[in-house]
Amino acid sequence: MTDELVDREVAAEQAFVDRVYLQLEQAGAAAQQLAKEGHSRAHMGHEGGLVERDAMVFQAAKRIAQLDAAHEGLVFGRLDLTQDKDPQPRYVGRIGLRDDNRDSLLIDWRAPAAAVFYQATAAEPQGVVRRRVLRSAGRSVVGVEDELLDSEGLSAAEAAGRELPIIGEGALMAQLSRARDRSMHSIVATIQAEQDKAIRAPSKGVVSISGGPGTGKTVVALHRAAYLLYTDRARYERGGVLVVGPSGVFMRYIERVLPSLGETAVALRSLGGVVDDVRATRHDEPAVADIKGSARMAELMRRTARQQAPGSPREFRVFWRDERLVLDRGRLGQVRRQLMGQGLRNKQLPRISHALLDQMWRQVRGERGREQGREKFNDEMLSRQDFLDFALGWWPPLDAPTVLTWLRDPEFLARVGEGLISPEEQRLLAKTWAALDPSRPIGPQISIEDVPLLDELRYALGDVPQKADDERDDPMALIEGAVDIQELMTASDREFAPSGRPWRPPVSSIEDDGYAHVLIDEAQDLTPMQWRMVGRRGRTASWTIVGDPAQSSWPVPAESAAARAEALERKQVHAFHLSTNYRNSAEIYAFAAAYAQRVGLDADLPDAVRRTGEEPQQVVVPPGGDPETVTREAVREIAGRVSGTVGIVVPAARRSEVNRWLASWPEFADDAPGARAAVDSTVQPSGEDRVVVLTGLDTKGLEFDGIVVVRPQEIEEESLTGRATLYVVLTRATQLLTTVS
């Protein structure tokens, strides 16, 4: 193969790509014009005009966002088929485009016509002679990689005068050897046949994607989300797509994948941010996390939500028409049981005053009082500030953060936790909640493991009934018999969003949480309480669930499995298993697999397809040696040999210490711009950092060119599932791996 031949083929593909971009610019200009026309109709005052205007603006904004996202590697694939199938090449791209004659210029990768690009193999070419992947930088084609799938078809093509040279080593191997950066990239050009089956699986029910490390589970699931939006856009944009991952680091790592596929209408949430208006970033220590994640906590939260608010009044006395009326503990207990039996706590707020007045009216025995009648009695009591103050103090409107702070009191916790959690567990929990301050935003105060507890309280309490605008600053209105008032909105407000994102109601109600599709990554790590939290958001949804049981950080798999089954509510499951490791070199994965077998993990061991000749290195700090110096040399060695990212993985207790090391190493000042500030264990690496310090749990779902594992034995011993965590760590590197013991 000559350089002249390669240059000629690249130039031919560049000519086609230039034609596509010209068409794209014309489509973009048309979308911009449509948006202008929509805005120009803003003067229309009638409802039909508003709907038409908003529809035009919404559709134009969506198309502009889609076209903008598509500029990254817009055209990436070409199919040359046998003469009887199609003599003209078919091009595959991130979106579909037609030319001015409405003929197909570019096929969307999700369209049925593009499926053969991924499903054809040498064993079953399906009429494909040559599959070509175009490598681009911006709008420029910089290379091509070909695969010959049908040698007989190639001979026939050449006999017919069609020249189909085969260039390169194949797109997959070229992709696997590239350097990693701080973001996951689309694999739309290199999806393999077994991955494509999972992506194009039926939309209903649950698609479960399993497989060992490096099999592409995450990126396949993200491509599936894009595929679903393509096949039934009205449903999934209206209901929304929720993608849940293990950490903020992970969500930043994957955040560019869907936009690069032309999809922006997806909610990306880490487990610490699933609940609206809450963002937790730190984990509890393993012993505490195991308690907070257990299914028992659902009952603890239910009990807590039913308790009398600490500091609330316990008695009310009043003289009325010469009679002494008393609401004592006994009578108030009757009212409490009555109201609790009628539904969620906050939903009872409009009934409180009447329930209390019922108890008081029963005590009216005298003729003078009875002559006044019940209506007069009610009017007089509801005009008394002392009665209203008592009612509001005895049964206040409550939110979940406020109720969670009640658990900072050890005596309160012991009372609600009796028979449910042990005294030692109570001590550990009270310690983590001791500093909660109800006057401050709750997010920065709590852990990731607290977020499902907040959600549980939210559902146990119910929503506070909404009030009219002129009553929003008047809590008394709630106990004077306020009713729910829904905010009015036009039809166009419901259907169209000028931002180009799908309309979603503000999640101010527990009934607004449902999505049309829920995607869970690293599902094996979800605790029972996290499954309950996520399950509420997908009761009527289809699901994509991604995981590998051998990588689980939850110590009681049976409990988690039961919670998962409850969350899925008997939906039909379509299971897909990925069997090829595309991430690790064969040398690195053999090392990790040997560890898994040695420590007794029931690991799924996929086949690694790539060899580098680089064996993992094991370095031991000599007696009296300096761990920092040894670690620094290991990091320097790897960073000097790879051009992409380097991860330093440490036990959770040593993260701050090793961050300080990195911040003091001048040779990495440019590589790790965030390192000097990252001396606190809660600081997350930025998207630009090349060298980062992470805990074992932080590495979930990530990959790096090189990994240095500091004190692997401590990672193994820091929790009940430490061996599984260390196995995960050992499978994060694509090229070089060193352990420092």
# chains A, B, ... in the order shown; residues from 1 in each chain; ligands from 1

$ select_by_dssp --residues "range 77-242 of chain A" --states "strand (DSSP E or B)" --output "PyMOL selection string"
chain A and resi 77-81+90-93+97-98+104-108+128-137+140-148+206-211+241-242

$ select_by_dssp --residues "range 254-310 of chain A" --states "helix (DSSP H, G or I)" --output "PyMOL selection string"
chain A and resi 254+257-260+271-273+286-293+296-305

$ write_last_selection --atoms "C-alpha atoms" --output "compact mmCIF listing (two decimals), in the first residue's frame"
# COMPACT_ATOMS: atom_id res chain seq x y z
CA ILE A 254 -19.53 10.42 30.42
CA VAL A 257 -21.13 11.02 24.95
CA LEU A 258 -24.81 11.74 24.35
CA PRO A 259 -24.31 15.32 23.07
CA SER A 260 -21.76 13.94 20.60
CA LEU A 271 -26.31 8.88 43.17
CA GLY A 272 -25.67 11.93 45.33
CA GLY A 273 -27.81 14.13 43.07
CA PRO A 286 -17.79 1.83 55.05
CA ALA A 287 -19.26 0.73 58.41
CA VAL A 288 -21.70 3.65 58.41
CA ALA A 289 -22.47 3.31 54.70
CA ASP A 290 -23.46 -0.32 55.24
CA ILE A 291 -26.00 0.71 57.90
CA LYS A 292 -27.48 3.59 55.92
CA GLY A 293 -27.82 1.49 52.80
CA ARG A 296 -34.00 -1.50 57.58
CA MET A 297 -33.55 2.22 57.10
CA ALA A 298 -36.85 2.47 55.24
CA GLU A 299 -38.68 1.50 58.44
CA LEU A 300 -36.48 3.83 60.49
CA MET A 301 -37.42 6.75 58.22
CA ARG A 302 -41.11 5.80 58.35
CA ARG A 303 -41.03 5.78 62.15
CA THR A 304 -39.17 9.09 62.20
CA ALA A 305 -41.70 10.76 59.90

$ atom_distance --atom1 "CA of Ala157 in chain A" --atom2 "CA of Thr82 in chain A"
7.2 Å

$ closest_residue --among "A:Ile715, A:Val635, A:Val649, A:Ala15" --to "Trp665 in chain A" --atoms "only C-alpha atoms"
A:Val635

$ residues_around --residues "Lys217 in chain A" --least-positions-apart "5" --cutoff "9 Å" --atoms "only C-alpha atoms" --output "PyMOL selection string"
chain A and resi 195+209-212+222+521+546-547+578

$ residues_around --residues "Ala590 in chain A" --least-positions-apart "2" --cutoff "12 Å" --atoms "only C-alpha atoms" --output "CSV table (one decimal) with N, CA, C and O atoms, in the first residue's frame"
chain,number,residue,atom,x,y,z
A,213,PRO,N,-15.0,-6.4,33.3
A,213,PRO,CA,-14.4,-5.1,33.1
A,213,PRO,C,-14.0,-4.9,31.6
A,213,PRO,O,-13.6,-5.8,30.9
A,581,ASN,N,-13.1,-7.9,26.4
A,581,ASN,CA,-12.5,-6.8,27.1
A,581,ASN,C,-11.8,-6.0,26.1
A,581,ASN,O,-10.7,-6.4,25.5
A,584,ASN,N,-8.5,-3.2,28.7
A,584,ASN,CA,-7.2,-3.6,29.2
A,584,ASN,C,-6.3,-4.3,28.1
A,584,ASN,O,-6.9,-5.0,27.3
A,585,SER,N,-5.0,-4.1,28.2
A,585,SER,CA,-4.2,-5.0,27.5
A,585,SER,C,-4.3,-6.4,28.1
A,585,SER,O,-4.7,-6.6,29.3
A,586,ALA,N,-4.0,-7.4,27.3
A,586,ALA,CA,-4.1,-8.8,27.8
A,586,ALA,C,-3.2,-9.0,29.0
A,586,ALA,O,-3.6,-9.8,30.0
A,587,GLU,N,-2.1,-8.3,29.1
A,587,GLU,CA,-1.2,-8.5,30.2
A,587,GLU,C,-1.8,-7.9,31.5
A,587,GLU,O,-1.7,-8.6,32.6
A,588,ILE,N,-2.4,-6.8,31.4
A,588,ILE,CA,-3.0,-6.1,32.6
A,588,ILE,C,-4.2,-7.0,33.1
A,588,ILE,O,-4.3,-7.2,34.3
A,592,ALA,N,-5.1,-8.8,36.7
A,592,ALA,CA,-6.3,-8.6,37.5
A,592,ALA,C,-7.1,-9.9,37.7
A,592,ALA,O,-7.6,-10.1,38.8
A,593,ALA,N,-7.2,-10.6,36.6
A,593,ALA,CA,-8.0,-11.9,36.7
A,593,ALA,C,-7.3,-12.9,37.7
A,593,ALA,O,-8.0,-13.6,38.4
A,594,ALA,N,-6.0,-12.9,37.7
A,594,ALA,CA,-5.3,-13.8,38.6
A,594,ALA,C,-5.6,-13.4,40.1
A,594,ALA,O,-5.8,-14.2,41.0
A,595,TYR,N,-5.6,-12.1,40.3
A,595,TYR,CA,-6.0,-11.6,41.7
A,595,TYR,C,-7.4,-12.0,42.0
A,595,TYR,O,-7.6,-12.5,43.2
A,596,ALA,N,-8.4,-11.8,41.1
A,596,ALA,CA,-9.7,-12.2,41.4
A,596,ALA,C,-9.9,-13.7,41.8
A,596,ALA,O,-10.6,-14.0,42.7
A,597,GLN,N,-9.2,-14.5,41.0
A,597,GLN,CA,-9.3,-15.9,41.3
A,597,GLN,C,-8.6,-16.3,42.6
A,597,GLN,O,-9.0,-17.1,43.4
A,605,LEU,N,-14.8,-13.3,33.5
A,605,LEU,CA,-13.5,-13.0,33.0
A,605,LEU,C,-13.6,-12.9,31.5
A,605,LEU,O,-13.5,-13.9,30.8
A,606,PRO,N,-13.7,-11.7,30.9
A,606,PRO,CA,-13.8,-11.6,29.4
A,606,PRO,C,-12.5,-11.8,28.8
A,606,PRO,O,-11.4,-11.7,29.4
A,607,ASP,N,-12.5,-12.0,27.5
A,607,ASP,CA,-11.2,-12.1,26.7
A,607,ASP,C,-10.7,-10.7,26.3
A,607,ASP,O,-11.5,-9.9,25.7
A,608,ALA,N,-9.5,-10.5,26.6
A,608,ALA,CA,-8.8,-9.2,26.2
A,608,ALA,C,-8.3,-9.4,24.8
A,608,ALA,O,-7.6,-10.4,24.5
A,609,VAL,N,-8.5,-8.4,23.9
A,609,VAL,CA,-8.2,-8.6,22.5
A,609,VAL,C,-6.9,-8.0,22.1
A,609,VAL,O,-6.4,-8.2,20.9
A,610,ARG,N,-6.2,-7.3,23.0
A,610,ARG,CA,-5.0,-6.5,22.6
A,610,ARG,C,-3.8,-6.8,23.5
A,610,ARG,O,-4.0,-6.9,24.7
A,611,ARG,N,-2.7,-7.0,22.9
A,611,ARG,CA,-1.4,-7.2,23.7
A,611,ARG,C,-0.5,-6.0,23.4
A,611,ARG,O,-0.4,-5.5,22.3
A,614,GLU,N,3.7,-5.2,27.7
A,614,GLU,CA,4.0,-4.5,29.0
A,614,GLU,C,3.4,-5.2,30.2
A,614,GLU,O,2.1,-5.2,30.3
A,615,GLU,N,4.2,-5.9,31.0
A,615,GLU,CA,3.6,-6.6,32.1
A,615,GLU,C,3.4,-5.6,33.3
A,615,GLU,O,4.2,-4.6,33.4
A,616,PRO,N,2.4,-5.8,34.1
A,616,PRO,CA,2.3,-4.9,35.3
A,616,PRO,C,3.5,-5.0,36.2
A,616,PRO,O,4.1,-6.1,36.4
A,727,TYR,N,-10.1,-5.2,42.8
A,727,TYR,CA,-10.2,-5.9,41.5
A,727,TYR,C,-10.6,-4.8,40.5
A,727,TYR,O,-10.1,-4.7,39.3
A,730,LEU,N,-7.6,-2.6,39.6
A,730,LEU,CA,-6.6,-3.2,38.8
A,730,LEU,C,-7.1,-3.4,37.3
A,730,LEU,O,-6.3,-3.7,36.4
A,731,THR,N,-8.4,-3.1,37.0
A,731,THR,CA,-8.9,-3.2,35.6
A,731,THR,C,-9.1,-1.8,35.0
A,731,THR,O,-9.8,-1.7,34.0
A,737,LEU,N,0.4,-0.5,34.3
A,737,LEU,CA,-0.1,-0.7,35.7
A,737,LEU,C,1.1,-0.9,36.6
A,737,LEU,O,1.9,-1.8,36.4

$ atom_distance --atom1 "CA of Arg583 in chain A" --atom2 "CA of Phe704 in chain A"
9.4 Å

$ closest_atom_pairs --of "range 326-434 of chain A" --to "range 308-315 of chain A" --cutoff "10 Å" --atoms "only C-alpha atoms" --output "tab-separated table"
residue	atom	partner	partner_atom	distance
A:Val326	CA	A:Glu315	CA	7.4
A:Leu327	CA	A:Glu315	CA	5.5
A:Asp328	CA	A:Glu315	CA	4.8
A:Arg329	CA	A:Arg314	CA	6.3
A:Gly330	CA	A:Glu315	CA	9.7
A:Arg331	CA	A:Glu315	CA	9.4
A:Leu332	CA	A:Glu315	CA	7.9
A:Gly333	CA	A:Arg314	CA	10.0
A:Arg336	CA	A:Gln308	CA	9.1
A:Asp389	CA	A:Pro313	CA	9.6
A:Phe390	CA	A:Pro313	CA	6.8
A:Ala391	CA	A:Pro313	CA	8.9
A:Leu392	CA	A:Ser312	CA	9.1
A:Gly393	CA	A:Ser312	CA	5.5
A:Trp394	CA	A:Ser312	CA	5.2
A:Trp395	CA	A:Ala309	CA	7.6
A:Pro396	CA	A:Ala309	CA	7.9
A:Leu398	CA	A:Ala309	CA	8.9
A:Thr402	CA	A:Ala309	CA	9.7
A:Val403	CA	A:Ala309	CA	8.1
A:Trp406	CA	A:Pro310	CA	7.3
A:Asp409	CA	A:Pro310	CA	9.8
A:Phe412	CA	A:Pro310	CA	8.9

$ residues_around --residues "range 526-540 of chain A" --least-positions-apart "3" --cutoff "8 Å" --atoms "only C-alpha atoms" --output "ChimeraX atom specification"
/A:271,274,292-295,297-298,452-453,455-456,513-518,522-523,543,554,559-564,566-569

$ residues_around --residues "Val17 in chain A" --least-positions-apart "2" --cutoff "8 Å" --atoms "only C-alpha atoms" --output "count of residues only"
9

$ closest_residue --among "A:Ile352, A:Ala414, A:Leu242, A:Val206" --to "Ile545 in chain A" --atoms "only C-alpha atoms"
A:Val206

$ closest_residue --among "A:Val599, A:Leu726, A:Val116, A:Val740" --to "Val619 in chain A" --atoms "only C-alpha atoms"
A:Val740
